[in-house]
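> What follows is the file start_36.cif, containing mmCIF, C-alpha atoms:
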```cif
data_final
loop_
_atom_site.label_atom_id
_atom_site.label_comp_id
_atom_site.auth_asym_id
_atom_site.auth_seq_id
_atom_site.Cartn_x
_atom_site.Cartn_y
_atom_site.Cartn_z
CA MET V 1 6.37 81.89 -12.03
CA SER V 2 7.46 78.29 -12.19
CA LYS V 3 8.92 78.51 -8.68
CA LEU V 4 5.62 79.76 -7.33
CA THR V 5 3.85 76.87 -9.03
CA VAL V 6 6.24 74.37 -7.47
CA LYS V 7 5.75 75.96 -4.06
CA LYS V 8 2.00 75.85 -4.40
CA GLY V 9 2.10 72.20 -5.46
CA PHE V 10 4.38 71.34 -2.56
CA TYR V 11 2.07 73.08 -0.09
CA SER V 12 -0.97 71.35 -1.57
CA GLY V 13 0.73 67.97 -1.22
CA ASP V 14 1.55 68.60 2.44
CA THR V 15 -1.98 69.83 3.08
CA LEU V 16 -3.43 66.72 1.50
CA LYS V 17 -1.21 64.53 3.67
CA ILE V 18 -2.35 66.32 6.82
CA GLU V 19 -6.02 66.08 5.81
CA LYS V 20 -5.57 62.41 4.95
CA SER V 21 -4.05 61.77 8.38
CA LEU V 22 -6.96 63.60 10.06
CA THR V 23 -9.40 61.40 8.15
CA HIS V 24 -7.71 58.17 9.17
CA PHE V 25 -7.21 59.17 12.80
CA SER V 26 -10.43 61.01 13.55
CA THR V 27 -11.53 58.19 15.87
CA LEU V 28 -8.18 58.17 17.65
CA ILE V 29 -8.26 61.96 18.05
CA ALA V 30 -11.80 61.75 19.47
CA LEU V 31 -10.67 59.00 21.86
CA ILE V 32 -7.79 61.12 23.15
CA GLY V 33 -10.15 64.08 23.54
CA VAL V 34 -12.61 61.98 25.57
CA ILE V 35 -9.80 60.71 27.80
CA LEU V 36 -8.61 64.26 28.45
CA LEU V 37 -12.17 65.41 29.21
CA PHE V 38 -12.83 62.66 31.76
CA SER V 39 -9.34 63.10 33.27
CA ILE V 40 -10.19 66.72 34.03
CA THR V 41 -13.73 66.12 35.30
CA THR V 42 -13.07 62.93 37.26
CA PRO V 43 -9.77 62.57 39.22
CA SER V 44 -10.15 58.80 39.65
CA PHE V 45 -10.55 58.20 35.92
CA LEU V 46 -6.80 57.87 35.18
CA SER V 47 -6.11 55.42 38.01
CA MET V 48 -4.68 52.02 37.06
CA SER V 49 -7.51 50.24 38.86
CA ASN V 50 -10.09 52.08 36.75
CA PHE V 51 -8.14 51.36 33.57
CA ALA V 52 -8.07 47.65 34.42
CA ASN V 53 -11.80 47.83 35.10
CA ILE V 54 -12.44 49.39 31.66
CA LEU V 55 -10.43 46.66 29.94
CA SER V 56 -12.27 43.91 31.83
CA GLN V 57 -15.68 45.36 31.01
CA SER V 58 -14.69 45.83 27.34
CA SER V 59 -13.30 42.33 26.74
CA ILE V 60 -16.68 40.74 25.93
CA LEU V 61 -17.64 43.56 23.54
CA ALA V 62 -14.21 43.18 21.93
CA LEU V 63 -14.89 39.50 21.17
CA VAL V 64 -18.32 40.23 19.68
CA SER V 65 -16.86 43.05 17.57
CA ILE V 66 -14.00 40.85 16.32
CA GLY V 67 -16.49 38.21 15.21
CA LEU V 68 -18.60 40.81 13.42
CA CYS V 69 -15.49 42.26 11.79
CA PHE V 70 -15.05 39.15 9.59
CA VAL V 71 -18.54 39.50 8.09
CA VAL V 72 -18.21 43.26 7.57
CA ALA V 73 -14.80 42.74 5.93
CA SER V 74 -16.50 40.41 3.44
CA GLY V 75 -19.02 43.12 2.57
CA GLY V 76 -21.90 41.87 4.72
CA ILE V 77 -23.51 42.55 8.07
CA ASP V 78 -24.48 40.20 10.88
CA LEU V 79 -27.29 41.35 13.16
CA SER V 80 -27.47 37.86 14.63
CA VAL V 81 -24.25 38.24 16.64
CA ALA V 82 -26.60 38.71 19.59
CA VAL V 83 -28.15 35.29 18.92
CA SER V 84 -24.75 33.59 18.53
CA PHE V 85 -23.76 35.18 21.84
CA ASP V 86 -26.90 33.98 23.62
CA ILE V 87 -27.21 30.52 22.06
CA GLY V 88 -23.55 29.72 22.74
CA ALA V 89 -23.96 30.72 26.39
CA MET V 90 -27.29 28.92 26.74
CA VAL V 91 -26.01 25.61 25.38
CA ALA V 92 -22.81 25.73 27.46
CA VAL V 93 -24.66 26.52 30.69
CA MET V 94 -27.34 23.89 30.06
CA MET V 95 -24.68 21.27 29.40
CA LEU V 96 -22.94 22.16 32.66
CA GLN V 97 -26.26 21.79 34.46
CA GLU V 98 -26.63 18.34 32.93
CA GLY V 99 -23.31 17.30 34.43
CA PHE V 100 -21.00 17.76 31.44
CA ASP V 101 -17.39 18.73 32.11
CA TRP V 102 -16.29 22.28 31.24
CA LEU V 103 -14.51 21.42 27.97
CA PRO V 104 -17.36 19.51 26.28
CA ALA V 105 -19.80 22.18 27.47
CA ILE V 106 -17.70 24.96 25.92
CA LEU V 107 -17.17 23.04 22.68
CA LEU V 108 -20.90 22.41 22.35
CA GLY V 109 -21.54 26.11 23.00
CA LEU V 110 -19.08 27.05 20.25
CA ALA V 111 -20.71 24.49 17.95
CA ALA V 112 -24.07 26.17 18.59
CA GLY V 113 -22.55 29.47 17.45
CA ALA V 114 -21.22 27.72 14.35
CA VAL V 115 -24.74 26.46 13.57
CA VAL V 116 -26.05 30.04 13.68
CA GLY V 117 -23.30 31.10 11.27
CA LEU V 118 -24.01 28.22 8.89
CA PHE V 119 -27.74 28.95 9.02
CA ASN V 120 -27.08 32.55 7.98
CA SER V 121 -24.64 31.66 5.23
CA PHE V 122 -27.01 29.10 3.71
CA PHE V 123 -29.65 31.73 2.99
CA VAL V 124 -27.10 34.34 1.92
CA VAL V 125 -25.16 32.03 -0.42
CA LYS V 126 -27.70 29.48 -1.63
CA ILE V 127 -30.93 31.52 -1.62
CA ASN V 128 -29.16 34.83 -2.39
CA ILE V 129 -30.96 36.88 0.27
CA SER V 130 -29.22 40.00 1.58
CA PRO V 131 -27.21 39.48 4.79
CA PHE V 132 -29.16 42.24 6.53
CA LEU V 133 -32.53 40.53 6.02
CA VAL V 134 -31.21 37.03 6.74
CA THR V 135 -29.51 37.98 10.00
CA LEU V 136 -32.46 40.13 11.06
CA GLY V 137 -34.70 37.08 10.63
CA THR V 138 -32.19 34.94 12.53
CA LEU V 139 -32.20 37.51 15.32
CA PHE V 140 -35.99 37.26 15.72
CA ILE V 141 -36.03 33.45 15.47
CA GLY V 142 -33.12 33.00 17.87
CA GLU V 143 -34.53 35.30 20.51
CA SER V 144 -37.88 33.51 20.31
CA ILE V 145 -36.12 30.16 20.80
CA GLU V 146 -34.39 31.59 23.88
CA LYS V 147 -37.72 32.63 25.37
CA ILE V 148 -39.28 29.24 24.62
CA VAL V 149 -36.41 27.26 26.16
CA THR V 150 -36.24 29.46 29.26
CA LYS V 151 -40.03 29.65 29.67
CA GLY V 152 -40.37 33.34 28.98
CA GLY V 153 -36.85 34.54 29.65
CA GLU V 154 -35.93 33.19 33.09
CA PRO V 155 -32.16 33.12 33.77
CA ILE V 156 -30.41 29.76 34.13
CA TYR V 157 -28.18 29.91 37.20
CA LEU V 158 -25.08 27.88 37.97
CA PRO V 159 -24.73 27.75 41.76
CA GLY V 160 -22.02 25.07 41.66
CA MET V 161 -20.13 26.28 38.61
CA ASN V 162 -17.00 24.45 37.46
CA GLU V 163 -13.90 26.31 38.66
CA ILE V 164 -12.21 26.33 35.24
CA PHE V 165 -15.38 27.61 33.56
CA LYS V 166 -15.65 30.24 36.28
CA PHE V 167 -12.05 31.31 35.72
CA LEU V 168 -12.75 32.20 32.06
CA GLY V 169 -14.75 35.27 32.99
CA ARG V 170 -13.99 35.90 36.65
CA GLY V 171 -10.42 34.65 36.99
CA SER V 172 -7.52 37.08 37.35
CA LEU V 173 -4.15 37.05 35.59
CA PHE V 174 -2.72 39.08 38.46
CA VAL V 175 -3.92 41.40 41.20
CA LEU V 176 -2.00 44.36 42.59
CA GLU V 177 -2.79 46.34 45.71
CA ALA V 178 -2.19 50.04 45.01
CA GLU V 179 -0.95 52.46 47.65
CA GLU V 180 -4.22 54.35 47.84
CA GLY V 181 -5.99 51.13 48.78
CA SER V 182 -7.43 50.46 45.33
CA ARG V 183 -7.22 47.03 43.75
CA ILE V 184 -5.80 46.57 40.26
CA ASP V 185 -7.32 43.39 38.84
CA PHE V 186 -6.40 42.23 35.34
CA LYS V 187 -8.89 39.54 34.33
CA PHE V 188 -8.12 36.50 32.20
CA SER V 189 -10.83 37.62 29.80
CA ILE V 190 -8.60 40.55 28.79
CA LEU V 191 -5.86 38.17 27.67
CA LEU V 192 -8.40 36.01 25.85
CA ALA V 193 -9.77 39.01 23.94
CA LEU V 194 -6.28 40.26 23.05
CA LEU V 195 -5.18 36.81 21.89
CA THR V 196 -8.29 36.47 19.71
CA ALA V 197 -7.68 39.97 18.31
CA PHE V 198 -4.05 39.14 17.47
CA ILE V 199 -5.02 35.95 15.63
CA ALA V 200 -7.87 37.68 13.79
CA HIS V 201 -5.60 40.56 12.74
CA PHE V 202 -2.97 38.13 11.48
CA VAL V 203 -5.58 36.19 9.50
CA LEU V 204 -7.05 39.31 7.91
CA LYS V 205 -3.78 41.09 7.14
CA ARG V 206 -1.19 38.35 6.60
CA THR V 207 -2.97 35.46 4.94
CA ILE V 208 -4.46 34.75 1.53
CA PHE V 209 -7.77 34.15 3.27
CA GLY V 210 -7.79 37.70 4.62
CA ARG V 211 -6.83 39.25 1.29
CA HIS V 212 -9.56 37.31 -0.48
CA LEU V 213 -12.06 38.33 2.18
CA TYR V 214 -11.22 42.00 1.69
CA ALA V 215 -11.40 41.56 -2.08
CA LEU V 216 -14.88 40.11 -1.66
CA GLY V 217 -15.90 43.08 0.48
CA ALA V 218 -14.45 45.62 -1.96
CA LYS V 219 -16.23 44.32 -5.08
CA LYS V 220 -17.90 40.94 -5.21
CA GLU V 221 -18.11 40.77 -9.01
CA ALA V 222 -14.41 41.50 -9.45
CA ALA V 223 -13.53 38.93 -6.79
CA ALA V 224 -15.60 36.29 -8.60
CA LEU V 225 -13.94 37.11 -11.94
CA SER V 226 -10.50 36.73 -10.34
CA GLY V 227 -11.38 33.19 -9.29
CA ILE V 228 -12.17 33.72 -5.59
CA PRO V 229 -14.91 31.31 -4.43
CA ILE V 230 -17.18 34.00 -2.98
CA GLY V 231 -19.74 31.53 -1.64
CA ARG V 232 -17.15 29.59 0.35
CA TYR V 233 -15.59 32.75 1.79
CA THR V 234 -19.00 34.11 2.78
CA ILE V 235 -19.64 30.86 4.67
CA TYR V 236 -16.26 31.15 6.42
CA ALA V 237 -16.99 34.75 7.46
CA PHE V 238 -20.36 33.92 9.02
CA LEU V 239 -18.94 30.76 10.61
CA LEU V 240 -16.13 32.69 12.31
CA SER V 241 -18.59 35.35 13.44
CA GLY V 242 -20.87 32.74 15.02
CA VAL V 243 -18.07 30.89 16.83
CA ILE V 244 -16.29 33.98 18.20
CA CYS V 245 -19.56 35.55 19.36
CA ALA V 246 -20.55 32.27 21.03
CA LEU V 247 -17.21 32.40 22.87
CA ALA V 248 -18.09 35.92 24.02
CA GLY V 249 -21.43 34.64 25.32
CA ILE V 250 -19.71 31.83 27.22
CA ILE V 251 -17.34 34.34 28.84
CA GLY V 252 -20.33 36.51 29.71
CA SER V 253 -22.14 33.62 31.40
CA SER V 254 -18.96 32.86 33.35
CA VAL V 255 -18.87 36.45 34.62
CA LEU V 256 -22.53 36.34 35.72
CA THR V 257 -22.40 32.66 36.84
CA ALA V 258 -25.62 32.32 34.87
CA TYR V 259 -27.15 32.49 31.42
CA THR V 260 -29.39 35.53 30.97
CA PRO V 261 -31.70 35.37 27.91
CA LEU V 262 -31.45 38.17 25.33
CA SER V 263 -28.28 39.58 26.93
CA GLY V 264 -26.60 39.58 23.53
CA ARG V 265 -28.79 42.51 22.47
CA TYR V 266 -26.78 44.67 24.89
CA TYR V 267 -23.65 44.22 22.74
CA LEU V 268 -25.22 44.29 19.26
CA MET V 269 -25.32 48.01 18.53
CA ASP V 270 -22.02 48.75 20.28
CA ALA V 271 -20.31 46.04 18.23
CA ILE V 272 -21.68 47.47 14.98
CA GLY V 273 -20.58 50.94 16.05
CA ALA V 274 -17.09 49.76 17.05
CA VAL V 275 -16.49 47.99 13.72
CA PHE V 276 -17.72 50.82 11.51
CA ILE V 277 -16.09 53.58 13.56
CA GLY V 278 -12.86 51.58 13.54
CA SER V 279 -13.01 51.36 9.75
CA THR V 280 -12.21 55.10 9.61
CA LEU V 281 -8.65 54.15 10.62
CA SER V 282 -8.23 52.08 7.47
CA ARG V 283 -6.83 53.69 4.33
CA HIS V 284 -9.54 52.07 2.24
CA GLY V 285 -12.31 52.20 4.86
CA HIS V 286 -12.14 48.45 5.49
CA ALA V 287 -13.19 46.78 8.72
CA ASN V 288 -9.99 46.04 10.63
CA ILE V 289 -9.05 44.66 14.03
CA PRO V 290 -6.88 47.52 15.41
CA GLY V 291 -9.53 50.09 14.50
CA THR V 292 -12.27 47.88 15.92
CA LEU V 293 -10.41 47.58 19.23
CA ILE V 294 -10.05 51.37 19.37
CA GLY V 295 -13.80 51.61 18.72
CA VAL V 296 -14.43 49.15 21.57
CA LEU V 297 -12.12 51.10 23.86
CA PHE V 298 -13.92 54.28 22.89
CA PHE V 299 -17.29 52.84 23.99
CA GLY V 300 -15.77 51.41 27.16
CA ILE V 301 -14.13 54.69 28.17
CA VAL V 302 -17.23 56.74 27.41
CA ALA V 303 -19.49 54.41 29.42
CA ASN V 304 -17.05 54.34 32.33
CA GLY V 305 -16.44 58.09 32.33
CA LEU V 306 -20.12 58.97 32.15
CA SER V 307 -20.83 56.63 35.07
CA LEU V 308 -18.05 58.21 37.15
CA ILE V 309 -19.43 61.67 36.42
CA GLY V 310 -22.85 60.47 37.55
CA ILE V 311 -24.82 60.88 34.34
CA ASN V 312 -28.04 58.88 34.33
CA PHE V 313 -27.85 55.56 32.43
CA TYR V 314 -30.65 56.59 30.08
CA TRP V 315 -28.78 59.75 29.06
CA GLN V 316 -25.55 57.86 28.39
CA GLY V 317 -26.92 56.58 25.10
CA VAL V 318 -27.54 60.16 23.97
CA ALA V 319 -23.98 61.18 24.84
CA ARG V 320 -22.48 58.17 23.07
CA GLY V 321 -24.62 58.76 20.00
CA LEU V 322 -23.56 62.41 19.80
CA LEU V 323 -19.89 61.43 20.05
CA ILE V 324 -20.32 58.92 17.23
CA PHE V 325 -21.94 61.60 15.07
CA LEU V 326 -19.02 63.92 15.87
CA ILE V 327 -16.45 61.34 14.71
CA LEU V 328 -18.34 60.60 11.50
CA LEU V 329 -18.91 64.32 10.88
CA ILE V 330 -15.18 65.05 11.15
CA ASP V 331 -14.45 62.11 8.85
CA ALA V 332 -17.05 63.27 6.29
CA ILE V 333 -15.91 66.93 6.30
CA VAL V 334 -12.22 66.10 5.91
CA SER V 335 -12.92 63.47 3.24
CA LYS V 336 -15.11 65.88 1.27
CA LYS V 337 -12.52 68.62 1.46
CA ARG V 338 -9.76 66.27 0.34
CA PHE V 339 -11.63 64.97 -2.68
CA SER V 340 -12.72 68.48 -3.71
CA THR V 341 -9.10 69.75 -3.93
#
```
Is it possible to express this structure as structure tokens?


Amino acid sequence: MSKLTVKKGFYSGDTLKIEKSLTHFSTLIALIGVILLFSITTPSFLSMSNFANILSQSSILALVSIGLCFVVASGGIDLSVAVSFDIGAMVAVMMLQEGFDWLPAILLGLAAGAVVGLFNSFFVVKINISPFLVTLGTLFIGESIEKIVTKGGEPIYLPGMNEIFKFLGRGSLFVLEAEEGSRIDFKFSILLALLTAFIAHFVLKRTIFGRHLYALGAKKEAAALSGIPIGRYTIYAFLLSGVICALAGIIGSSVLTAYTPLSGRYYLMDAIGAVFIGSTLSRHGHANIPGTLIGVLFFGIVANGLSLIGINFYWQGVARGLLIFLILLIDAIVSKKRFST
């Protein structure tokens, strides 16, 4: 009888380990499934040139998602990443138009993103308003400012753009000519996104700052009792979000050789989705950089694959939404089963 009990316990332990792995890697499993699906339906999907194209198109979303990841890790949310994106790009492009060199223009654009972050953190920390409401208000105010400055939303073009500024978004690390005549182009923006991701991951996982930020996100009251200055860390989180998202906007304006008002809205929901889907890869459900990058890659692959198949742009949102629900459904079912055993 005792042997049977031991066997049953051993089996239960293995089952729990398998279910735990399924929970943590549901996003990764879904990503592999999507890749296999598009590989079967679209022969050109697995080509190196298409893969490089996916990475290039995903680099800006990756930067926005990394910036948002800091705020989510601290237990908040930042809907104004779209404003940081737009304001950073707007200031940089306007400075270039005024004759500023590329470096001062970029620094001023990053400073504008920092101002957005400080504005948010002031109301969250000092006035004690929820991050959701504060950043929602900032989103409305910022987008109105964009319309006022651009006289209703007219793009600001840069016909004679500085070559270094142009290289940020359009420059190539290397270009290879494939045998089938396709062109494999790895953009500099890919390296920039990866470098930012590496630094952000190191900060969150290997520094006291990152541990304190996660402690704040896990339970604010406990973090305060342990001596962590929660107000200061909240400010840091929003500040980093504003600066990194402003950098993403600057890269975006370099790609388009123009500043397009309200373009940050395009990345807002995808960034939120990437961060929260990526959190399923964390043991504790925390926002994390590797998971966020997988979430970004997931959105990039789905958008690219659906376009190659020829699905209408308006229906792509439906397909992406259903895939997100599928990932979260798998995560919820496995988690519920694990906790009920």

> Determine the residue set returned by the PyMOL selection byres ((chain V and resi 119) around 10) for the present structure, and present it as number ranges by chain.

V: 113-118, 120-124, 134-135, 138, 235, 238-239, 242

> Hey, can you spit out that residue selection with C-alpha atoms as a PDB file, in the frame of the given file?


```
ATOM      1  CA  GLY V 113     -22.550  29.470  17.450  1.00  0.00           C
ATOM      2  CA  ALA V 114     -21.220  27.720  14.350  1.00  0.00           C
ATOM      3  CA  VAL V 115     -24.740  26.460  13.570  1.00  0.00           C
ATOM      4  CA  VAL V 116     -26.050  30.040  13.680  1.00  0.00           C
ATOM      5  CA  GLY V 117     -23.300  31.100  11.270  1.00  0.00           C
ATOM      6  CA  LEU V 118     -24.010  28.220   8.890  1.00  0.00           C
ATOM      7  CA  ASN V 120     -27.080  32.550   7.980  1.00  0.00           C
ATOM      8  CA  SER V 121     -24.640  31.660   5.230  1.00  0.00           C
ATOM      9  CA  PHE V 122     -27.010  29.100   3.710  1.00  0.00           C
ATOM     10  CA  PHE V 123     -29.650  31.730   2.990  1.00  0.00           C
ATOM     11  CA  VAL V 124     -27.100  34.340   1.920  1.00  0.00           C
ATOM     12  CA  VAL V 134     -31.210  37.030   6.740  1.00  0.00           C
ATOM     13  CA  THR V 135     -29.510  37.980  10.000  1.00  0.00           C
ATOM     14  CA  THR V 138     -32.190  34.940  12.530  1.00  0.00           C
ATOM     15  CA  ILE V 235     -19.640  30.860   4.670  1.00  0.00           C
ATOM     16  CA  PHE V 238     -20.360  33.920   9.020  1.00  0.00           C
ATOM     17  CA  LEU V 239     -18.940  30.760  10.610  1.00  0.00           C
ATOM     18  CA  GLY V 242     -20.870  32.740  15.020  1.00  0.00           C
TER      19      GLY V 242
END
```

> Would you kindly translate the PyMOL selection byres ((chain V and resi 59-69) around 9) into the concrete residues it picks from this file, as a PyMOL selection string?

chain V and resi 54-58+70-74+77-79+81-82+85+189-194+196-197+200+237-238+240-249+251-252+267-268+270-276+287-289+292-293+296-297+300

> Looking at V:Gly76, V:Ile228, V:Gly169, V:Gly217, which one is nearest to V:Ile129, with distances taken over all atoms listed in the file?

V:Gly76

> So, counting only C-alpha atoms, which residue among V:Phe198, V:Leu37, V:Tyr214, V:Arg183 is closest to V:His286?

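Under the stated criterion, the closest residue is V:Tyr214.
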
> Can you work out the spacing between atom CA of V:Ile327 and atom CA of V:Ile40 in Å, to one decimal?

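For atom CA of V:Ile327 relative to atom CA of V:Ile40, the distance reads 21.0 Å.
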
> Taking only C-alpha atoms into account, name the residue in V:Leu306, V:Ala258, V:Leu225, V:Leu204 that is nearest to V:Ile35.

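Counting only C-alpha atoms, the residue closest to V:Ile35 is V:Leu306.
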
> For atom CA of V:Gly142 and atom CA of V:Thr260, quote the distance in Å rounded to one decimal.

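Result for atom CA of V:Gly142 versus atom CA of V:Thr260: 13.9 Å, one decimal.
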
> Select, from V:Ile184, V:Leu168, V:Met269, V:Leu329, the residue with the minimum atom-to-atom distance to V:Gly317, counting all atoms listed in the file.

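Going through V:Ile184, V:Leu168, V:Met269, V:Leu329 one by one, the smallest distance to V:Gly317 is for V:Met269.
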
> Could you produce a table of the residues of stretch 174-287 of chain V lying within 12 Å of stretch 97-103 of chain V, with the nearest pair of atoms per residue and their separation in Å rounded to one decimal, using all atoms listed in the file, ordered by chain and increasing residue number, as a tab-separated table?


```
residue	atom	partner	partner_atom	distance
V:Ile250	CA	V:Trp102	CA	10.9
V:Ser254	CA	V:Trp102	CA	11.1
V:Thr257	CA	V:Gln97	CA	11.8
V:Ala258	CA	V:Gln97	CA	10.6
V:Tyr259	CA	V:Gln97	CA	11.2
```

> Can I get the selected residues back with C-alpha atoms, as a short mmCIF file (atom, residue, chain, number, x, y, z; two decimals), in the frame of the given file?


```
data_model
loop_
_atom_site.label_atom_id
_atom_site.label_comp_id
_atom_site.auth_asym_id
_atom_site.auth_seq_id
_atom_site.Cartn_x
_atom_site.Cartn_y
_atom_site.Cartn_z
CA ILE V 250 -19.71 31.83 27.22
CA SER V 254 -18.96 32.86 33.35
CA THR V 257 -22.40 32.66 36.84
CA ALA V 258 -25.62 32.32 34.87
CA TYR V 259 -27.15 32.49 31.42
#
```

> Considering all atoms listed in the file, return as a list in words whatever protein or nucleic-acid residues lie within 10 Å of stretch 150-157 of chain V, sequence-local ones (same chain, fewer than 3 positions apart) excluded.

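The residues satisfying every condition are Met90, Val93, Met94, Gln97, Glu143, Ser144, Ile145, Glu146, Lys147, Gly160, Met161, Ser253, Leu256, Thr257, Ala258, Tyr259, Thr260, Pro261 and Leu262 of chain V.
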
> Can you work out the spacing between atom CA of V:Phe298 and atom CA of V:Phe186 in Å, to one decimal?

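Calculated distance between atom CA of V:Phe298 and atom CA of V:Phe186 is 18.9 Å.
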
> Just checking: using all atoms listed in the file, which residue out of V:Asn304, V:Val91, V:Tyr314, V:Thr207 ends up closest to V:Asn50?

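Looking only at the distances to V:Asn50, the closest residue turns out to be V:Asn304.
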
> Mind telling me what the PyMOL selection byres ((chain V and resi 41) around 12) catches here, as a VMD selection string?

chain V and resid 34 to 40 42 to 46 305 to 310

> Ranking V:Leu107, V:Leu213, V:Ser130, V:Gly171 by minimum distance to V:Ala89 and counting all atoms listed in the file, which one comes first?

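Distance minimum relative to V:Ala89 lands on V:Leu107.
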